[in-house]
Amino acid sequence: MTGLMPEQQTAPNTASREARTEAPSAVEMTEVSAGYRRKNVLDSVNASFAPGLIHGIIGPNGAGKSTLVKAALGLVPSSGDIRIAGERLASLSSKERARLMSYLPQDTPPVDFTGEQYVQMSRYARLGRFSSPTAEDEEAVDEALRMTGASAWRDRPMRSTSGGERQLTALARAIAQDPQILIVDEPSSALDMGHEIDVFRLFKPWIKESSSRTIIAVLHDLDIAARFCDRLTLVDGGRVKASGPPAEILVPDLLNDAYGVTVDVRRSEATGYLTVTAV
Ligand SMILES: Nc1ncnc2c1ncn2[C@@H]1O[C@H](COP(=O)(O)OP(=O)(O)OP(=O)(O)O)[C@@H](O)[C@H]1O
């Protein structure tokens, strides 16, 4: 018994992770501008997400966090250079993108499919044109449903499940896709605190299964960001204001400025991680 909290016991050895680093960034954005038909949001963003780490993207409402991940996924028009695992995003087919990246969006629609059918769809990127799902596909679906706890409602239509249950099913779908880079936008917004911690606790073992796995998570909860992320990127006004380890980003000056409130940052006696309170 070490007396460490569970996530400290499984905390990444950052030094050894960074030693393997001749690998290209999971996502590299250079001078990227992106947005919507009538609104440019990202303004010459430079951001780099190293492989093998959990990255948090933080910042106030409307800052451009979701737009940044959508640009990396190729879901919004952009200019500048975006590379995924060293390859130009524009040169990747949709199937290649789906093998490299999966995405949990902010909202999960209440569709008629059952939870299981919804998760099964994630395997299409790995199937040939006319081939049926293999035992490996079925295993990936079962395992993702089990990891997220979404097995319990796998046979029910998504439209008859709660918002939190739908969010867990959608997370299972993103995991079952078996990507190198898991991109999650506010993955616990519909979850109670017990399920929220469960979700973040499953990220660390997931990422450790392969050196090329990377997680990029848009987050509002800065305590969760401090506790589970290896690196944070602070976005404000469509620009990256700062990026680095949580201890360098979760500092009063940067947070007061970005969020427009005075914050108190201290180390939690309960967890040993930084905790941020608006005062
Ligand atoms: N589909 C869209 N069409 C036009 N403007 C949009 C669209 N989606 C987002 N925006 C605008 O782009 C800006 C950035 O939005 P984005 O969703 O990236 O912010 P965010 O940092 O993720 O915010 P939040 O924390 O509130 O989710 C906002 O001003 C928003 O109103």
# chains A, B, ... in the order shown; residues from 1 in each chain; ligands from 1

call {"tool": "select_by_dssp", "arguments": {"residues": "region 68-212 of chain A", "states": "strand (DSSP E or B)", "output": "PyMOL selection string"}}
result
chain A and resi 78-84+87-88+101-104+114+157+181-185

call {"tool": "residues_around", "arguments": {"residues": "region 130-147 of chain A", "least_positions_apart": "4", "cutoff": "8 Å", "atoms": "only C-alpha atoms", "output": "list in words"}}
result
Glu116, Val119, Gln120, Arg123, Ser151, Arg154, Thr169, Ala172, Arg173, Ile175, Ala176, Gln177, Asp178 and Leu202 of chain A

call {"tool": "closest_atom_pairs", "arguments": {"of": "chain A", "to": "ligand 1", "cutoff": "6 Å", "atoms": "only C-alpha atoms and all ligand atoms", "output": "Markdown table"}}
result
| residue | atom | partner | partner_atom_place_in_ligand_line | distance |
| --- | --- | --- | --- | --- |
| A:Tyr36 | CA | ligand 1 | 4 (C) | 5.0 |
| A:Lys39 | CA | ligand 1 | 5 (N) | 5.7 |
| A:Val41 | CA | ligand 1 | 12 (O) | 5.5 |
| A:Pro60 | CA | ligand 1 | 25 (O) | 5.7 |
| A:Asn61 | CA | ligand 1 | 26 (O) | 3.4 |
| A:Gly62 | CA | ligand 1 | 19 (O) | 3.5 |
| A:Ala63 | CA | ligand 1 | 21 (O) | 3.7 |
| A:Gly64 | CA | ligand 1 | 18 (O) | 3.2 |
| A:Lys65 | CA | ligand 1 | 21 (O) | 3.8 |
| A:Ser66 | CA | ligand 1 | 22 (O) | 3.7 |
| A:Thr67 | CA | ligand 1 | 18 (O) | 3.7 |

call {"tool": "residues_around", "arguments": {"residues": "Glu87 (chain A)", "least_positions_apart": "3", "cutoff": "10 Å", "atoms": "only C-alpha atoms", "output": "PyMOL selection string"}}
result
chain A and resi 24-28+82-84+90-92

call {"tool": "write_last_selection", "arguments": {"atoms": "N, CA and C atoms", "output": "PDB file, in the first residue's frame"}}
result
ATOM      1  N   PRO A  24       6.116  12.248 -34.142  1.00  0.00           N
ATOM      2  CA  PRO A  24       5.515  13.561 -34.406  1.00  0.00           C
ATOM      3  C   PRO A  24       4.414  13.867 -33.402  1.00  0.00           C
ATOM      4  N   SER A  25       4.068  15.135 -33.296  1.00  0.00           N
ATOM      5  CA  SER A  25       2.944  15.521 -32.435  1.00  0.00           C
ATOM      6  C   SER A  25       1.695  14.771 -32.871  1.00  0.00           C
ATOM      7  N   ALA A  26       0.834  14.470 -31.907  1.00  0.00           N
ATOM      8  CA  ALA A  26      -0.459  13.871 -32.258  1.00  0.00           C
ATOM      9  C   ALA A  26      -1.223  14.863 -33.138  1.00  0.00           C
ATOM     10  N   VAL A  27      -1.271  16.107 -32.689  1.00  0.00           N
ATOM     11  CA  VAL A  27      -1.893  17.178 -33.476  1.00  0.00           C
ATOM     12  C   VAL A  27      -0.964  18.382 -33.427  1.00  0.00           C
ATOM     13  N   GLU A  28      -0.676  18.934 -34.586  1.00  0.00           N
ATOM     14  CA  GLU A  28       0.182  20.124 -34.666  1.00  0.00           C
ATOM     15  C   GLU A  28      -0.566  21.161 -35.507  1.00  0.00           C
ATOM     16  N   ILE A  82      -2.475  21.984 -40.538  1.00  0.00           N
ATOM     17  CA  ILE A  82      -2.895  21.076 -39.460  1.00  0.00           C
ATOM     18  C   ILE A  82      -2.328  19.704 -39.794  1.00  0.00           C
ATOM     19  N   ARG A  83      -1.557  19.157 -38.860  1.00  0.00           N
ATOM     20  CA  ARG A  83      -0.989  17.814 -39.060  1.00  0.00           C
ATOM     21  C   ARG A  83      -1.473  16.872 -37.975  1.00  0.00           C
ATOM     22  N   ILE A  84      -1.844  15.688 -38.409  1.00  0.00           N
ATOM     23  CA  ILE A  84      -2.287  14.644 -37.481  1.00  0.00           C
ATOM     24  C   ILE A  84      -1.272  13.515 -37.569  1.00  0.00           C
ATOM     25  N   ALA A  90      -5.412  17.646 -44.543  1.00  0.00           N
ATOM     26  CA  ALA A  90      -6.090  17.738 -45.835  1.00  0.00           C
ATOM     27  C   ALA A  90      -5.783  16.547 -46.735  1.00  0.00           C
ATOM     28  N   SER A  91      -4.661  15.866 -46.466  1.00  0.00           N
ATOM     29  CA  SER A  91      -4.286  14.737 -47.340  1.00  0.00           C
ATOM     30  C   SER A  91      -4.908  13.421 -46.865  1.00  0.00           C
ATOM     31  N   LEU A  92      -5.568  13.431 -45.718  1.00  0.00           N
ATOM     32  CA  LEU A  92      -6.120  12.188 -45.164  1.00  0.00           C
ATOM     33  C   LEU A  92      -7.557  11.985 -45.635  1.00  0.00           C
TER      34      LEU A  92
END

call {"tool": "atom_distance", "arguments": {"atom1": "CA of Thr214 (chain A)", "atom2": "CA of Ile183 (chain A)"}}
result
8.5 Å

call {"tool": "closest_residue", "arguments": {"among": "A:Ser211, A:Ala258, A:Gly56, A:Leu222", "to": "Gly238 (chain A)", "atoms": "only C-alpha atoms"}}
result
A:Ala258

call {"tool": "select_by_dssp", "arguments": {"residues": "region 19-88 of chain A", "states": "alpha helix (DSSP H)", "output": "PyMOL selection string"}}
result
chain A and resi 19+65-73

call {"tool": "residues_around", "arguments": {"residues": "Ala190 (chain A)", "least_positions_apart": "2", "cutoff": "10 Å", "atoms": "only C-alpha atoms", "output": "PDB file with N, CA and C atoms, in the first residue's frame"}}
result
ATOM      1  N   GLN A 106     -19.992  17.705 -27.868  1.00  0.00           N
ATOM      2  CA  GLN A 106     -20.626  18.219 -26.638  1.00  0.00           C
ATOM      3  C   GLN A 106     -22.001  17.595 -26.417  1.00  0.00           C
ATOM      4  N   ASP A 107     -22.761  17.411 -27.497  1.00  0.00           N
ATOM      5  CA  ASP A 107     -24.124  16.900 -27.336  1.00  0.00           C
ATOM      6  C   ASP A 107     -24.275  15.570 -28.055  1.00  0.00           C
ATOM      7  N   SER A 162     -31.151   8.631 -20.265  1.00  0.00           N
ATOM      8  CA  SER A 162     -30.938   9.973 -19.695  1.00  0.00           C
ATOM      9  C   SER A 162     -29.763  10.652 -20.398  1.00  0.00           C
ATOM     10  N   GLY A 163     -29.625  11.949 -20.149  1.00  0.00           N
ATOM     11  CA  GLY A 163     -28.527  12.701 -20.773  1.00  0.00           C
ATOM     12  C   GLY A 163     -27.163  12.119 -20.395  1.00  0.00           C
ATOM     13  N   GLY A 164     -27.002  11.748 -19.119  1.00  0.00           N
ATOM     14  CA  GLY A 164     -25.725  11.181 -18.668  1.00  0.00           C
ATOM     15  C   GLY A 164     -25.482   9.815 -19.292  1.00  0.00           C
ATOM     16  N   GLU A 165     -26.544   9.000 -19.359  1.00  0.00           N
ATOM     17  CA  GLU A 165     -26.397   7.668 -19.978  1.00  0.00           C
ATOM     18  C   GLU A 165     -26.017   7.812 -21.451  1.00  0.00           C
ATOM     19  N   ARG A 166     -26.650   8.761 -22.124  1.00  0.00           N
ATOM     20  CA  ARG A 166     -26.312   8.986 -23.556  1.00  0.00           C
ATOM     21  C   ARG A 166     -24.859   9.413 -23.701  1.00  0.00           C
ATOM     22  N   GLN A 167     -24.410  10.262 -22.782  1.00  0.00           N
ATOM     23  CA  GLN A 167     -23.026  10.741 -22.883  1.00  0.00           C
ATOM     24  C   GLN A 167     -22.038   9.579 -22.688  1.00  0.00           C
ATOM     25  N   LEU A 168     -22.362   8.667 -21.775  1.00  0.00           N
ATOM     26  CA  LEU A 168     -21.482   7.510 -21.559  1.00  0.00           C
ATOM     27  C   LEU A 168     -21.501   6.572 -22.778  1.00  0.00           C
ATOM     28  N   GLU A 186     -15.946  18.355 -23.420  1.00  0.00           N
ATOM     29  CA  GLU A 186     -16.689  18.346 -22.148  1.00  0.00           C
ATOM     30  C   GLU A 186     -17.307  16.958 -21.884  1.00  0.00           C
ATOM     31  N   PRO A 187     -16.440  15.944 -21.720  1.00  0.00           N
ATOM     32  CA  PRO A 187     -16.930  14.559 -21.660  1.00  0.00           C
ATOM     33  C   PRO A 187     -17.767  14.237 -20.437  1.00  0.00           C
ATOM     34  N   SER A 188     -17.750  15.124 -19.425  1.00  0.00           N
ATOM     35  CA  SER A 188     -18.510  14.801 -18.219  1.00  0.00           C
ATOM     36  C   SER A 188     -19.582  15.851 -17.939  1.00  0.00           C
ATOM     37  N   ASP A 192     -22.806  12.938 -13.091  1.00  0.00           N
ATOM     38  CA  ASP A 192     -22.654  13.261 -11.668  1.00  0.00           C
ATOM     39  C   ASP A 192     -21.179  13.074 -11.294  1.00  0.00           C
ATOM     40  N   MET A 193     -20.805  13.533 -10.090  1.00  0.00           N
ATOM     41  CA  MET A 193     -19.365  13.551  -9.775  1.00  0.00           C
ATOM     42  C   MET A 193     -18.758  12.154  -9.691  1.00  0.00           C
ATOM     43  N   HIS A 195     -19.651   9.481 -11.601  1.00  0.00           N
ATOM     44  CA  HIS A 195     -19.391   9.039 -12.978  1.00  0.00           C
ATOM     45  C   HIS A 195     -18.291   9.887 -13.627  1.00  0.00           C
ATOM     46  N   GLU A 196     -18.223  11.172 -13.249  1.00  0.00           N
ATOM     47  CA  GLU A 196     -17.180  12.028 -13.821  1.00  0.00           C
ATOM     48  C   GLU A 196     -15.793  11.483 -13.463  1.00  0.00           C
TER      49      GLU A 196
END

call {"tool": "residues_around", "arguments": {"residues": "Ala247 (chain A)", "least_positions_apart": "6", "cutoff": "10 Å", "atoms": "only C-alpha atoms", "output": "ChimeraX atom specification"}}
result
/A:226,230-232,265,273-274

call {"tool": "residues_around", "arguments": {"residues": "Tyr259 (chain A)", "least_positions_apart": "6", "cutoff": "12 Å", "atoms": "only C-alpha atoms", "output": "JSON, numbers by chain"}}
result
{"A": [58, 59, 60, 61, 62, 63, 220, 222, 234, 235, 236, 237, 250, 251, 252, 253, 276, 277, 278, 279]}

call {"tool": "residues_around", "arguments": {"residues": "Ala23 (chain A)", "least_positions_apart": "6", "cutoff": "12 Å", "atoms": "only C-alpha atoms", "output": "PyMOL selection string"}}
result
chain A and resi 17+49-52+84-87+211-213

call {"tool": "write_last_selection", "arguments": {"atoms": "C-alpha atoms", "output": "mmCIF file, in the first residue's frame"}}
result
data_model
loop_
_atom_site.group_PDB
_atom_site.id
_atom_site.type_symbol
_atom_site.label_atom_id
_atom_site.label_comp_id
_atom_site.auth_asym_id
_atom_site.auth_seq_id
_atom_site.Cartn_x
_atom_site.Cartn_y
_atom_site.Cartn_z
ATOM 1 C CA ARG A 17 7.037 9.594 -21.963
ATOM 2 C CA PHE A 49 -0.258 18.199 -28.651
ATOM 3 C CA ALA A 50 2.471 15.675 -27.867
ATOM 4 C CA PRO A 51 1.643 11.977 -28.166
ATOM 5 C CA GLY A 52 1.171 9.800 -25.097
ATOM 6 C CA ILE A 84 -2.287 14.644 -37.481
ATOM 7 C CA ALA A 85 0.453 12.221 -36.417
ATOM 8 C CA GLY A 86 2.722 14.029 -38.882
ATOM 9 C CA GLU A 87 0.330 13.812 -41.862
ATOM 10 C CA SER A 211 2.542 4.809 -26.855
ATOM 11 C CA SER A 212 0.786 6.561 -29.739
ATOM 12 C CA ARG A 213 -2.461 7.139 -27.850
#
